[in-house]
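Enquirer: This is upload.txt (compact mmCIF, C-alpha atoms and all ligand atoms).
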# COMPACT_ATOMS: atom_id res chain seq x y z
CA MET S 78 0.00 0.00 0.00
CA ALA S 79 1.46 3.32 -1.11
CA GLN S 80 0.11 5.36 1.76
CA VAL S 81 2.04 3.24 4.31
CA LYS S 82 5.17 5.24 3.50
CA ASP S 83 3.42 8.48 4.36
CA TYR S 84 2.66 7.49 7.92
CA SER S 85 4.23 9.56 10.69
CA VAL S 86 6.66 7.96 13.14
CA GLU S 87 3.94 8.06 15.77
CA GLU S 88 1.54 6.21 13.49
CA LYS S 89 4.25 3.70 12.58
CA LEU S 90 4.94 3.10 16.26
CA ALA S 91 1.25 2.80 17.08
CA SER S 92 0.80 0.17 14.38
CA VAL S 93 3.78 -1.87 15.54
CA VAL S 94 2.57 -1.59 19.16
CA LYS S 95 -0.77 -2.96 18.01
CA LEU S 96 0.92 -5.85 16.22
CA GLN S 97 2.99 -6.56 19.31
CA LYS S 98 -0.08 -6.66 21.52
CA ILE S 99 -1.86 -9.05 19.16
CA ASP S 100 1.21 -11.28 18.90
CA SER S 101 1.56 -11.26 22.70
CA LYS S 102 -2.05 -12.45 22.97
CA LEU S 103 -1.22 -15.26 20.54
CA ASP S 104 1.93 -16.11 22.53
CA GLY S 105 -0.18 -16.27 25.70
CA LEU S 106 -2.61 -18.67 24.01
CA GLN S 107 0.27 -20.87 22.89
CA VAL S 108 1.55 -21.09 26.46
CA LEU S 109 -1.94 -21.92 27.73
CA LYS S 110 -2.56 -24.55 25.06
CA GLY S 111 0.87 -26.03 25.66
CA GLU S 112 -0.05 -26.85 29.25
CA LEU S 113 -3.66 -27.94 28.80
CA PRO S 114 -3.03 -31.38 27.26
CA ILE S 115 -0.58 -32.14 30.08
CA GLU S 116 -3.15 -31.09 32.67
CA VAL S 117 -5.80 -33.30 31.07
CA SER S 118 -3.51 -36.32 30.96
CA ASP S 119 -2.42 -35.71 34.57
CA LEU S 120 -6.07 -35.80 35.60
CA GLU S 121 -6.65 -39.01 33.66
CA ASP S 122 -3.62 -40.58 35.35
CA GLU S 123 -5.07 -39.61 38.71
CA ILE S 124 -8.37 -41.37 37.92
CA ALA S 125 -6.51 -44.47 36.74
CA GLY S 126 -4.44 -44.44 39.94
CA LEU S 127 -7.55 -44.28 42.13
CA HIS S 128 -9.18 -47.13 40.23
CA ALA S 129 -6.04 -49.22 40.58
CA ARG S 130 -6.06 -48.62 44.34
CA GLN S 131 -9.68 -49.73 44.59
CA THR S 132 -8.95 -52.87 42.58
CA ARG S 133 -5.93 -53.64 44.75
CA ILE S 134 -7.97 -53.50 47.96
CA GLU S 135 -10.64 -55.71 46.38
CA GLU S 136 -7.99 -58.23 45.37
CA GLU S 137 -6.54 -58.17 48.88
CA ILE S 138 -9.96 -58.89 50.35
CA ASN S 139 -10.41 -61.78 47.89
CA GLY S 140 -7.00 -63.13 48.91
CA ILE S 141 -7.92 -63.03 52.60
CA GLN S 142 -11.26 -64.72 51.89
CA GLN S 143 -9.42 -67.51 50.10
CA PHE S 144 -7.09 -67.80 53.08
CA ILE S 145 -10.13 -68.15 55.38
CA GLU S 146 -11.56 -70.88 53.12
CA GLN S 147 -8.26 -72.75 53.33
CA LYS S 148 -8.30 -72.51 57.12
CA LYS S 149 -11.91 -73.74 57.21
CA ASN S 150 -10.77 -76.77 55.20
CA VAL S 151 -7.95 -77.32 57.68
CA ILE S 152 -10.49 -77.31 60.54
CA LYS S 153 -12.72 -79.76 58.68
CA GLU S 154 -9.85 -82.09 57.83
CA SER S 155 -8.51 -81.98 61.38
CA GLY S 156 -12.00 -82.58 62.72
CA ASP S 157 -12.36 -85.65 60.49
CA LEU S 158 -8.97 -86.92 61.67
CA ILE S 159 -9.92 -86.38 65.31
CA LYS S 160 -13.14 -88.40 64.78
CA LYS S 161 -11.08 -91.11 63.11
CA TYR S 162 -8.58 -91.19 66.01
CA GLU S 163 -11.43 -91.28 68.54
CA LYS S 164 -12.75 -94.42 66.86
CA GLN S 165 -9.27 -95.93 66.71
CA SER S 166 -8.69 -95.20 70.41
CA GLU S 167 -11.65 -97.45 71.24
CA ASN S 168 -9.78 -100.42 69.79
CA VAL S 169 -6.19 -99.82 70.94
CA LYS S 170 -4.09 -102.91 71.66
CA ASN S 171 -1.52 -101.36 73.98
CA ASN S 172 -0.44 -98.26 75.85
CA ARG S 173 2.08 -97.17 73.25
CA GLU S 174 -0.58 -97.21 70.53
CA PHE S 175 -2.95 -95.26 72.80
CA GLU S 176 -0.34 -92.59 73.44
CA ALA S 177 0.53 -92.31 69.78
CA ILE S 178 -3.14 -91.77 68.91
CA ASN S 179 -3.55 -89.31 71.76
CA LYS S 180 -0.57 -87.31 70.49
CA GLU S 181 -2.04 -87.17 67.00
CA MET S 182 -5.37 -86.00 68.42
CA GLU S 183 -3.62 -83.30 70.43
CA MET S 184 -1.78 -82.15 67.35
CA GLN S 185 -4.94 -81.95 65.32
CA THR S 186 -6.69 -80.07 68.12
CA LEU S 187 -3.84 -77.57 68.07
CA GLU S 188 -4.19 -77.31 64.28
CA VAL S 189 -7.87 -76.47 64.71
CA LYS S 190 -7.14 -73.84 67.34
CA LEU S 191 -4.44 -72.27 65.21
CA ALA S 192 -6.74 -72.20 62.16
CA GLU S 193 -9.51 -70.64 64.26
CA LYS S 194 -7.11 -67.94 65.42
CA HIS S 195 -6.05 -67.32 61.80
CA ILE S 196 -9.68 -67.01 60.72
CA LYS S 197 -10.44 -64.57 63.54
CA ASP S 198 -7.45 -62.37 62.61
CA ALA S 199 -8.26 -62.57 58.89
CA THR S 200 -11.89 -61.62 59.52
CA GLU S 201 -10.75 -58.54 61.41
CA GLU S 202 -8.38 -57.74 58.57
CA ILE S 203 -11.23 -58.01 56.06
CA ALA S 204 -13.37 -55.62 58.11
CA GLU S 205 -10.49 -53.14 58.09
CA LYS S 206 -9.96 -53.54 54.34
CA ALA S 207 -13.70 -53.14 53.75
CA ARG S 208 -13.59 -49.81 55.56
CA ALA S 209 -10.57 -48.76 53.47
CA LEU S 210 -12.41 -49.87 50.33
CA GLU S 211 -15.45 -47.86 51.31
CA LEU S 212 -13.29 -44.77 51.78
CA ALA S 213 -11.46 -45.41 48.49
CA LYS S 214 -14.77 -45.76 46.66
CA LYS S 215 -16.01 -42.51 48.14
CA ALA S 216 -12.74 -40.80 47.18
CA VAL S 217 -13.00 -42.18 43.64
CA SER S 218 -16.56 -41.01 43.10
CA ALA S 219 -15.82 -37.57 44.58
CA LYS S 220 -12.66 -37.20 42.51
CA GLU S 221 -14.29 -38.52 39.37
CA GLY S 222 -17.01 -35.92 39.61
CA ASN S 223 -14.41 -33.28 40.26
CA LEU S 224 -12.20 -34.45 37.41
CA LYS S 225 -15.08 -34.73 34.99
CA ALA S 226 -15.98 -31.10 35.67
CA LYS S 227 -12.37 -30.06 35.23
CA LYS S 228 -11.98 -32.00 32.02
CA ASP S 229 -15.13 -30.43 30.59
CA GLU S 230 -13.82 -27.03 31.62
CA LEU S 231 -10.45 -27.71 30.01
CA GLU S 232 -12.09 -28.91 26.80
CA LYS S 233 -14.12 -25.74 26.76
CA ILE S 234 -10.96 -23.67 27.23
CA ILE S 235 -9.29 -25.54 24.38
CA ALA S 236 -12.25 -24.81 22.12
CA GLU S 237 -12.24 -21.21 23.31
CA THR S 238 -8.47 -20.97 22.71
CA ASP S 239 -8.91 -22.16 19.15
CA LYS S 240 -11.57 -19.53 18.63
CA GLU S 241 -9.38 -16.79 20.09
CA GLU S 242 -6.38 -17.98 18.13
CA LYS S 243 -8.29 -17.66 14.85
CA HIS S 244 -9.50 -14.23 15.89
CA TYR S 245 -6.04 -12.91 16.76
CA ASN S 246 -4.37 -14.53 13.75
CA LYS S 247 -6.77 -12.66 11.53
CA MET S 248 -6.10 -9.46 13.46
CA ALA S 249 -2.33 -10.00 13.28
CA ALA S 250 -2.43 -10.49 9.51
CA ALA S 251 -4.42 -7.26 9.15
CA ALA S 252 -2.13 -5.38 11.54
CA ARG S 253 0.98 -6.47 9.65
CA GLN S 254 -0.43 -4.79 6.54
CA HIS S 255 -0.27 -1.47 8.37
CA VAL S 256 3.29 -1.73 9.69
CA ASP S 257 6.09 -0.06 7.76
CA GLU S 258 8.07 -2.74 5.91
CA ARG S 259 11.46 -1.97 7.45
CA LEU S 260 9.99 -1.68 10.89
CA LEU S 261 8.16 -4.98 10.40
CA HIS S 262 11.43 -6.63 9.41
CA SER S 263 13.16 -5.36 12.58
CA TYR S 264 10.15 -6.31 14.65
CA ASP S 265 10.17 -9.91 13.39
CA ARG S 266 13.92 -10.18 13.89
CA ILE S 267 13.84 -8.84 17.48
CA ARG S 268 10.80 -10.94 18.39
CA LYS S 269 12.59 -14.13 17.39
CA THR S 270 15.53 -13.20 19.64
CA TYR S 271 13.54 -13.21 22.87
CA ARG S 272 11.67 -16.09 24.41
CA ASN S 273 8.92 -13.80 25.67
CA GLY S 274 8.43 -12.56 22.10
CA LEU S 275 8.58 -8.89 23.09
CA ALA S 276 10.05 -6.66 20.36
CA VAL S 277 8.20 -3.44 21.27
CA VAL S 278 8.19 -2.36 24.90
CA PRO S 279 7.09 0.73 26.80
CA VAL S 280 9.37 2.81 29.01
CA GLU S 281 8.30 1.96 32.54
CA ARG S 282 9.70 3.60 35.72
CA ASP S 283 12.44 5.23 33.62
CA SER S 284 13.57 1.82 32.37
CA CYS S 285 13.25 -0.36 29.30
CA GLY S 286 10.14 -2.54 29.72
CA GLY S 287 12.02 -5.44 28.17
CA CYS S 288 15.39 -5.59 29.94
CA PHE S 289 14.86 -3.01 32.72
CA ASN S 290 17.94 -1.07 31.70
CA ALA S 291 17.66 2.59 32.82
CA ILE S 292 16.72 5.07 30.06
CA PRO S 293 18.27 8.55 30.52
CA PRO S 294 15.78 11.50 30.69
CA GLN S 295 17.12 12.97 27.42
CA LYS S 296 16.38 9.72 25.60
CA GLN S 297 12.96 9.43 27.26
CA SER S 298 11.96 12.84 25.94
CA GLU S 299 13.17 11.83 22.45
CA ILE S 300 11.01 8.73 22.68
CA LYS S 301 8.03 10.90 23.64
CA GLN S 302 8.56 13.24 20.71
CA HIS S 303 8.09 10.42 18.16
CA LYS S 304 10.53 12.00 15.69
CA LYS S 305 12.37 8.76 15.11
CA ILE S 306 12.25 5.14 16.09
CA ILE S 307 14.45 4.53 19.12
CA VAL S 308 15.68 1.16 20.30
CA CYS S 309 17.03 0.13 23.72
CA GLU S 310 20.83 0.32 23.76
CA ASN S 311 21.00 -2.72 25.95
CA CYS S 312 18.52 -5.20 24.40
CA GLY S 313 17.72 -3.66 21.00
CA ARG S 314 13.95 -3.65 21.55
CA ILE S 315 11.87 -0.86 20.03
CA LEU S 316 10.95 1.64 22.76
CA VAL S 317 7.68 3.57 23.01
CA ASN S 318 6.43 5.90 25.73
CA ASP S 319 3.81 4.37 27.98
CA GLU S 320 1.07 6.84 26.93
CA LEU S 321 1.30 5.60 23.36
CA ASN S 322 1.54 2.03 24.56
CA ASP S 323 -1.55 2.40 26.76
CA ALA S 324 -3.50 4.13 23.98
CA VAL S 325 -3.36 1.02 21.81
CA GLU S 326 -6.00 -1.49 22.82
CA VAL S 327 -6.41 -4.97 21.45
CA LYS S 328 -9.55 -7.02 22.02
ZN ZN S 401 16.06 -3.01 26.85
Could you show the structure in this file as structure tokens?
Expert:
Amino acid sequence: MAQVKDYSVEEKLASVVKLQKIDSKLDGLQVLKGELPIEVSDLEDEIAGLHARQTRIEEEINGIQQFIEQKKNVIKESGDLIKKYEKQSENVKNNREFEAINKEMEMQTLEVKLAEKHIKDATEEIAEKARALELAKKAVSAKEGNLKAKKDELEKIIAETDKEEKHYNKMAAAARQHVDERLLHSYDRIRKTYRNGLAVVPVERDSCGGCFNAIPPQKQSEIKQHKKIIVCENCGRILVNDELNDAVEVK
């Protein structure tokens, strides 16, 4: 566009400030979008972890129940043996045989007592696990509701981000049309240099808004006059006075 060359320095600065503000919005969206997928997958991991915990407790309870069944079998088998020995003891031929049978019966009685103790302990353990399971289930359902809401919210933000990104990309393309070609070239070059993507910065508290290097009063008044484009001696960013910077609004 031919009339671009006729713009005053102030107008040139205002247009590059506008471009900077749009690009900064886009940079902000990139940062936001960059973290959202990680947040979503972190939340999904959390759900999976809670489910795994629930399953583990259920498996532990199953294991203890199997243990109790085994001990019940032990009691039954020992009981059968004791009955058998009782019958045998009625027909013993001598003292030695009687004592041997008696010893076996004592051993089986001990087996029964031990198994009964094991069952009692295991039953208490199950009750404890059942309480833990109940708590885990409550935690899962509370968290799942919470996470579902968060996920929905994040998906909404992603959709919103895409919408905003399209909006600002369109604005940026239009704004670039209005920036003086040489200035645009410098702007793109400086922007690439800095991770925060700031190529145009206001003078704030007598310092460069990009690197915080002090700007002497003489230079500040030159910046205010808008007679030429002034860059920071320290970081090379394009400097504008804060009134001009504040006057440019991007929505
Ligand atoms: Zn600077």
Enquirer: In Å, with one decimal, what is the gap from atom CA of Ile152 of chain S to atom CA of Ile134 of chain S?
Expert: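 That distance, rounded to one decimal, is 27.0 Å.
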Enquirer: For each of S:Asn311, S:Lys227, S:Lys95, S:Gly105, take the minimum atom-to-atom distance to Arg272 of chain S, counting all atoms listed in the file, then give the residue where this is smallest.
Expert: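 Going through S:Asn311, S:Lys227, S:Lys95, S:Gly105 one by one, the smallest distance to Arg272 of chain S is for S:Gly105.
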Enquirer: Calculate how many Å separate atom CA of Glu202 of chain S from atom CA of Gln131 of chain S, rounding to one decimal.
Expert: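 Going from atom CA of Glu202 of chain S over to atom CA of Gln131 of chain S, I get 16.2 Å.
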Enquirer: Each residue of chain S lying at most 10 Å from ligand ZN 401 (chain S) should get a row with its shortest atom-to-atom pair and the distance in Å to one decimal, counting all atoms listed in the file; could you produce that, ordered by chain and increasing number, as a tab-separated table?
Expert:
residue	atom	partner	partner_atom	distance
S:Ala276	CA	S:ZN401	ZN	9.6
S:Val277	CA	S:ZN401	ZN	9.6
S:Val278	CA	S:ZN401	ZN	8.1
S:Pro279	CA	S:ZN401	ZN	9.7
S:Val280	CA	S:ZN401	ZN	9.1
S:Ser284	CA	S:ZN401	ZN	7.7
S:Cys285	CA	S:ZN401	ZN	4.6
S:Gly286	CA	S:ZN401	ZN	6.6
S:Gly287	CA	S:ZN401	ZN	4.9
S:Cys288	CA	S:ZN401	ZN	4.1
S:Phe289	CA	S:ZN401	ZN	6.0
S:Asn290	CA	S:ZN401	ZN	5.6
S:Ala291	CA	S:ZN401	ZN	8.3
S:Ile292	CA	S:ZN401	ZN	8.7
S:Val308	CA	S:ZN401	ZN	7.8
S:Cys309	CA	S:ZN401	ZN	4.5
S:Glu310	CA	S:ZN401	ZN	6.6
S:Asn311	CA	S:ZN401	ZN	5.0
S:Cys312	CA	S:ZN401	ZN	4.1
S:Gly313	CA	S:ZN401	ZN	6.1
S:Arg314	CA	S:ZN401	ZN	5.7
S:Ile315	CA	S:ZN401	ZN	8.3
S:Leu316	CA	S:ZN401	ZN	8.0
Enquirer: Which residues, written as a list of chain:residue names, have at least one atom at most 8 Å from Ile178 of chain S, with all atoms listed in the file counted and residues fewer than 6 positions away on the same chain left out?
Expert: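 My reading of the contact set: S:Tyr162, S:Gln165, S:Ser166.
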Enquirer: What does the structure give for the distance between atom CA of Glu205 of chain S and atom CA of Ala219 of chain S, in Å to one decimal?
Expert: 21.3 Å
Enquirer: Between S:Asp323, S:Glu201, S:Glu137, S:Glu121, which one has atoms that come closest to Val94 of chain S, using all atoms listed in the file?
Expert: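 Smallest separation from Val94 of chain S among the options: S:Asp323.
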Enquirer: Taking only C-alpha atoms into account, which of S:His303, S:Ala216, S:Leu120, S:Thr186 comes nearest Asp229 of chain S?
Expert: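 Ranked by minimum distance to Asp229 of chain S, first place goes to S:Leu120.
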Enquirer: Quick one: of S:Leu275, S:Ile124, S:Leu261, S:Ile141, who's nearest to Lys206 of chain S, counting all atoms listed in the file?
Expert: S:Ile141
Enquirer: List as a list in words the protein and nucleic acid residues near Lys214 of chain S, meaning an atom at most 9 Å away when only C-alpha atoms are counted, but skip any in the same chain fewer than 3 places from it.
Expert: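 Here the answer would be Leu127, His128, Gln131, Ala209, Leu210, Glu211, Val217, Ser218 and Ala219 of chain S.
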Enquirer: Contacts of Met248 of chain S at 10 Å or less, counting only C-alpha atoms, minus same-chain residues fewer than 4 places along, as number ranges by chain?
Expert: S: 95-96, 99-100, 242-244, 252-253, 327-328
Enquirer: Choose the residue, out of S:Glu230, S:Glu87, S:Glu237, S:Glu146, that has the smallest atom-to-atom separation from Glu193 of chain S; count all atoms listed in the file.
Expert: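 The answer is S:Glu146, which sits nearest to Glu193 of chain S.
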Enquirer: From the options S:Lys233, S:Val108, S:Phe175, S:Leu224, which residue's atoms come nearest to Asp122 of chain S, counting all atoms listed in the file?
Expert: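 Selected residue with least distance to Asp122 of chain S: S:Leu224.
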Enquirer: If you count only C-alpha atoms, which residues fall within 12 Å of Glu123 of chain S, apart from same-chain ones fewer than 6 positions away, as JSON, numbers by chain?
Expert: {"S": [116, 117, 129, 130, 216, 217, 220, 221, 223, 224, 225]}
Enquirer: Add whatever atoms are absent from segment 245-256 of chain S to reach all heavy atoms, and provide the output as a PDB file, in the frame of the given file.
Expert:
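Contents of the output file part_27.pdb:
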ATOM      1  N   TYR S 245      -7.267 -13.721  16.694  1.00  0.00           N
ATOM      2  CA  TYR S 245      -6.040 -12.910  16.760  1.00  0.00           C
ATOM      3  C   TYR S 245      -5.134 -13.118  15.554  1.00  0.00           C
ATOM      4  O   TYR S 245      -4.424 -12.211  15.149  1.00  0.00           O
ATOM      5  CB  TYR S 245      -5.288 -13.186  18.066  1.00  0.00           C
ATOM      6  CG  TYR S 245      -5.980 -12.594  19.272  1.00  0.00           C
ATOM      7  CD1 TYR S 245      -6.362 -13.377  20.344  1.00  0.00           C
ATOM      8  CD2 TYR S 245      -6.262 -11.223  19.316  1.00  0.00           C
ATOM      9  CE1 TYR S 245      -7.015 -12.835  21.433  1.00  0.00           C
ATOM     10  CE2 TYR S 245      -6.917 -10.673  20.401  1.00  0.00           C
ATOM     11  CZ  TYR S 245      -7.287 -11.476  21.461  1.00  0.00           C
ATOM     12  OH  TYR S 245      -7.924 -10.924  22.533  1.00  0.00           O
ATOM     13  N   ASN S 246      -5.152 -14.318  14.967  1.00  0.00           N
ATOM     14  CA  ASN S 246      -4.370 -14.530  13.750  1.00  0.00           C
ATOM     15  C   ASN S 246      -4.851 -13.632  12.625  1.00  0.00           C
ATOM     16  O   ASN S 246      -4.053 -13.059  11.876  1.00  0.00           O
ATOM     17  CB  ASN S 246      -4.461 -16.004  13.311  1.00  0.00           C
ATOM     18  CG  ASN S 246      -3.371 -16.857  13.951  1.00  0.00           C
ATOM     19  OD1 ASN S 246      -2.260 -16.367  14.206  1.00  0.00           O
ATOM     20  ND2 ASN S 246      -3.679 -18.105  14.215  1.00  0.00           N
ATOM     21  N   LYS S 247      -6.174 -13.524  12.563  1.00  0.00           N
ATOM     22  CA  LYS S 247      -6.770 -12.660  11.530  1.00  0.00           C
ATOM     23  C   LYS S 247      -6.374 -11.205  11.795  1.00  0.00           C
ATOM     24  O   LYS S 247      -5.979 -10.473  10.879  1.00  0.00           O
ATOM     25  CB  LYS S 247      -8.304 -12.791  11.599  1.00  0.00           C
ATOM     26  CG  LYS S 247      -8.952 -13.033  10.247  1.00  0.00           C
ATOM     27  CD  LYS S 247     -10.373 -13.501  10.458  1.00  0.00           C
ATOM     28  CE  LYS S 247     -11.372 -12.565   9.774  1.00  0.00           C
ATOM     29  NZ  LYS S 247     -12.763 -13.012  10.041  1.00  0.00           N
ATOM     30  N   MET S 248      -6.466 -10.823  13.083  1.00  0.00           N
ATOM     31  CA  MET S 248      -6.100  -9.460  13.460  1.00  0.00           C
ATOM     32  C   MET S 248      -4.620  -9.182  13.181  1.00  0.00           C
ATOM     33  O   MET S 248      -4.251  -8.100  12.712  1.00  0.00           O
ATOM     34  CB  MET S 248      -6.363  -9.240  14.955  1.00  0.00           C
ATOM     35  CG  MET S 248      -7.766  -8.813  15.271  1.00  0.00           C
ATOM     36  SD  MET S 248      -7.928  -8.565  17.055  1.00  0.00           S
ATOM     37  CE  MET S 248      -7.349  -6.883  17.198  1.00  0.00           C
ATOM     38  N   ALA S 249      -3.765 -10.181  13.488  1.00  0.00           N
ATOM     39  CA  ALA S 249      -2.330 -10.000  13.280  1.00  0.00           C
ATOM     40  C   ALA S 249      -2.016  -9.811  11.800  1.00  0.00           C
ATOM     41  O   ALA S 249      -1.231  -8.926  11.424  1.00  0.00           O
ATOM     42  CB  ALA S 249      -1.556 -11.202  13.832  1.00  0.00           C
ATOM     43  N   ALA S 250      -2.661 -10.610  10.957  1.00  0.00           N
ATOM     44  CA  ALA S 250      -2.430 -10.490   9.510  1.00  0.00           C
ATOM     45  C   ALA S 250      -2.837  -9.104   9.022  1.00  0.00           C
ATOM     46  O   ALA S 250      -2.115  -8.480   8.232  1.00  0.00           O
ATOM     47  CB  ALA S 250      -3.226 -11.578   8.779  1.00  0.00           C
ATOM     48  N   ALA S 251      -3.963  -8.603   9.545  1.00  0.00           N
ATOM     49  CA  ALA S 251      -4.420  -7.260   9.150  1.00  0.00           C
ATOM     50  C   ALA S 251      -3.474  -6.197   9.678  1.00  0.00           C
ATOM     51  O   ALA S 251      -3.128  -5.240   8.968  1.00  0.00           O
ATOM     52  CB  ALA S 251      -5.838  -7.033   9.682  1.00  0.00           C
ATOM     53  N   ALA S 252      -3.015  -6.371  10.930  1.00  0.00           N
ATOM     54  CA  ALA S 252      -2.130  -5.380  11.540  1.00  0.00           C
ATOM     55  C   ALA S 252      -0.793  -5.299  10.812  1.00  0.00           C
ATOM     56  O   ALA S 252      -0.230  -4.214  10.645  1.00  0.00           O
ATOM     57  CB  ALA S 252      -1.906  -5.712  13.015  1.00  0.00           C
ATOM     58  N   ARG S 253      -0.310  -6.440  10.351  1.00  0.00           N
ATOM     59  CA  ARG S 253       0.980  -6.470   9.650  1.00  0.00           C
ATOM     60  C   ARG S 253       0.928  -5.622   8.371  1.00  0.00           C
ATOM     61  O   ARG S 253       1.926  -5.036   7.973  1.00  0.00           O
ATOM     62  CB  ARG S 253       1.383  -7.910   9.301  1.00  0.00           C
ATOM     63  CG  ARG S 253       1.774  -8.726  10.517  1.00  0.00           C
ATOM     64  CD  ARG S 253       2.120 -10.148  10.132  1.00  0.00           C
ATOM     65  NE  ARG S 253       3.462 -10.252   9.536  1.00  0.00           N
ATOM     66  CZ  ARG S 253       4.577 -10.367  10.243  1.00  0.00           C
ATOM     67  NH1 ARG S 253       4.521 -10.423  11.562  1.00  0.00           N
ATOM     68  NH2 ARG S 253       5.739 -10.437   9.649  1.00  0.00           N
ATOM     69  N   GLN S 254      -0.252  -5.585   7.760  1.00  0.00           N
ATOM     70  CA  GLN S 254      -0.430  -4.790   6.540  1.00  0.00           C
ATOM     71  C   GLN S 254      -0.184  -3.298   6.796  1.00  0.00           C
ATOM     72  O   GLN S 254       0.145  -2.560   5.879  1.00  0.00           O
ATOM     73  CB  GLN S 254      -1.868  -4.938   6.018  1.00  0.00           C
ATOM     74  CG  GLN S 254      -2.272  -6.344   5.647  1.00  0.00           C
ATOM     75  CD  GLN S 254      -1.885  -6.691   4.221  1.00  0.00           C
ATOM     76  OE1 GLN S 254      -2.021  -5.854   3.317  1.00  0.00           O
ATOM     77  NE2 GLN S 254      -1.397  -7.889   4.024  1.00  0.00           N
ATOM     78  N   HIS S 255      -0.376  -2.883   8.049  1.00  0.00           N
ATOM     79  CA  HIS S 255      -0.270  -1.470   8.370  1.00  0.00           C
ATOM     80  C   HIS S 255       1.084  -1.074   8.955  1.00  0.00           C
ATOM     81  O   HIS S 255       1.288   0.083   9.301  1.00  0.00           O
ATOM     82  CB  HIS S 255      -1.396  -1.056   9.334  1.00  0.00           C
ATOM     83  CG  HIS S 255      -2.746  -1.060   8.682  1.00  0.00           C
ATOM     84  ND1 HIS S 255      -3.595  -2.132   8.757  1.00  0.00           N
ATOM     85  CD2 HIS S 255      -3.359  -0.128   7.889  1.00  0.00           C
ATOM     86  CE1 HIS S 255      -4.688  -1.869   8.063  1.00  0.00           C
ATOM     87  NE2 HIS S 255      -4.572  -0.663   7.524  1.00  0.00           N
ATOM     88  N   VAL S 256       1.982  -2.052   9.108  1.00  0.00           N
ATOM     89  CA  VAL S 256       3.290  -1.730   9.690  1.00  0.00           C
ATOM     90  C   VAL S 256       4.298  -1.493   8.569  1.00  0.00           C
ATOM     91  O   VAL S 256       4.351  -2.262   7.606  1.00  0.00           O
ATOM     92  CB  VAL S 256       3.779  -2.850  10.634  1.00  0.00           C
ATOM     93  CG1 VAL S 256       5.152  -2.503  11.216  1.00  0.00           C
ATOM     94  CG2 VAL S 256       2.776  -3.073  11.760  1.00  0.00           C
TER      95      VAL S 256
END
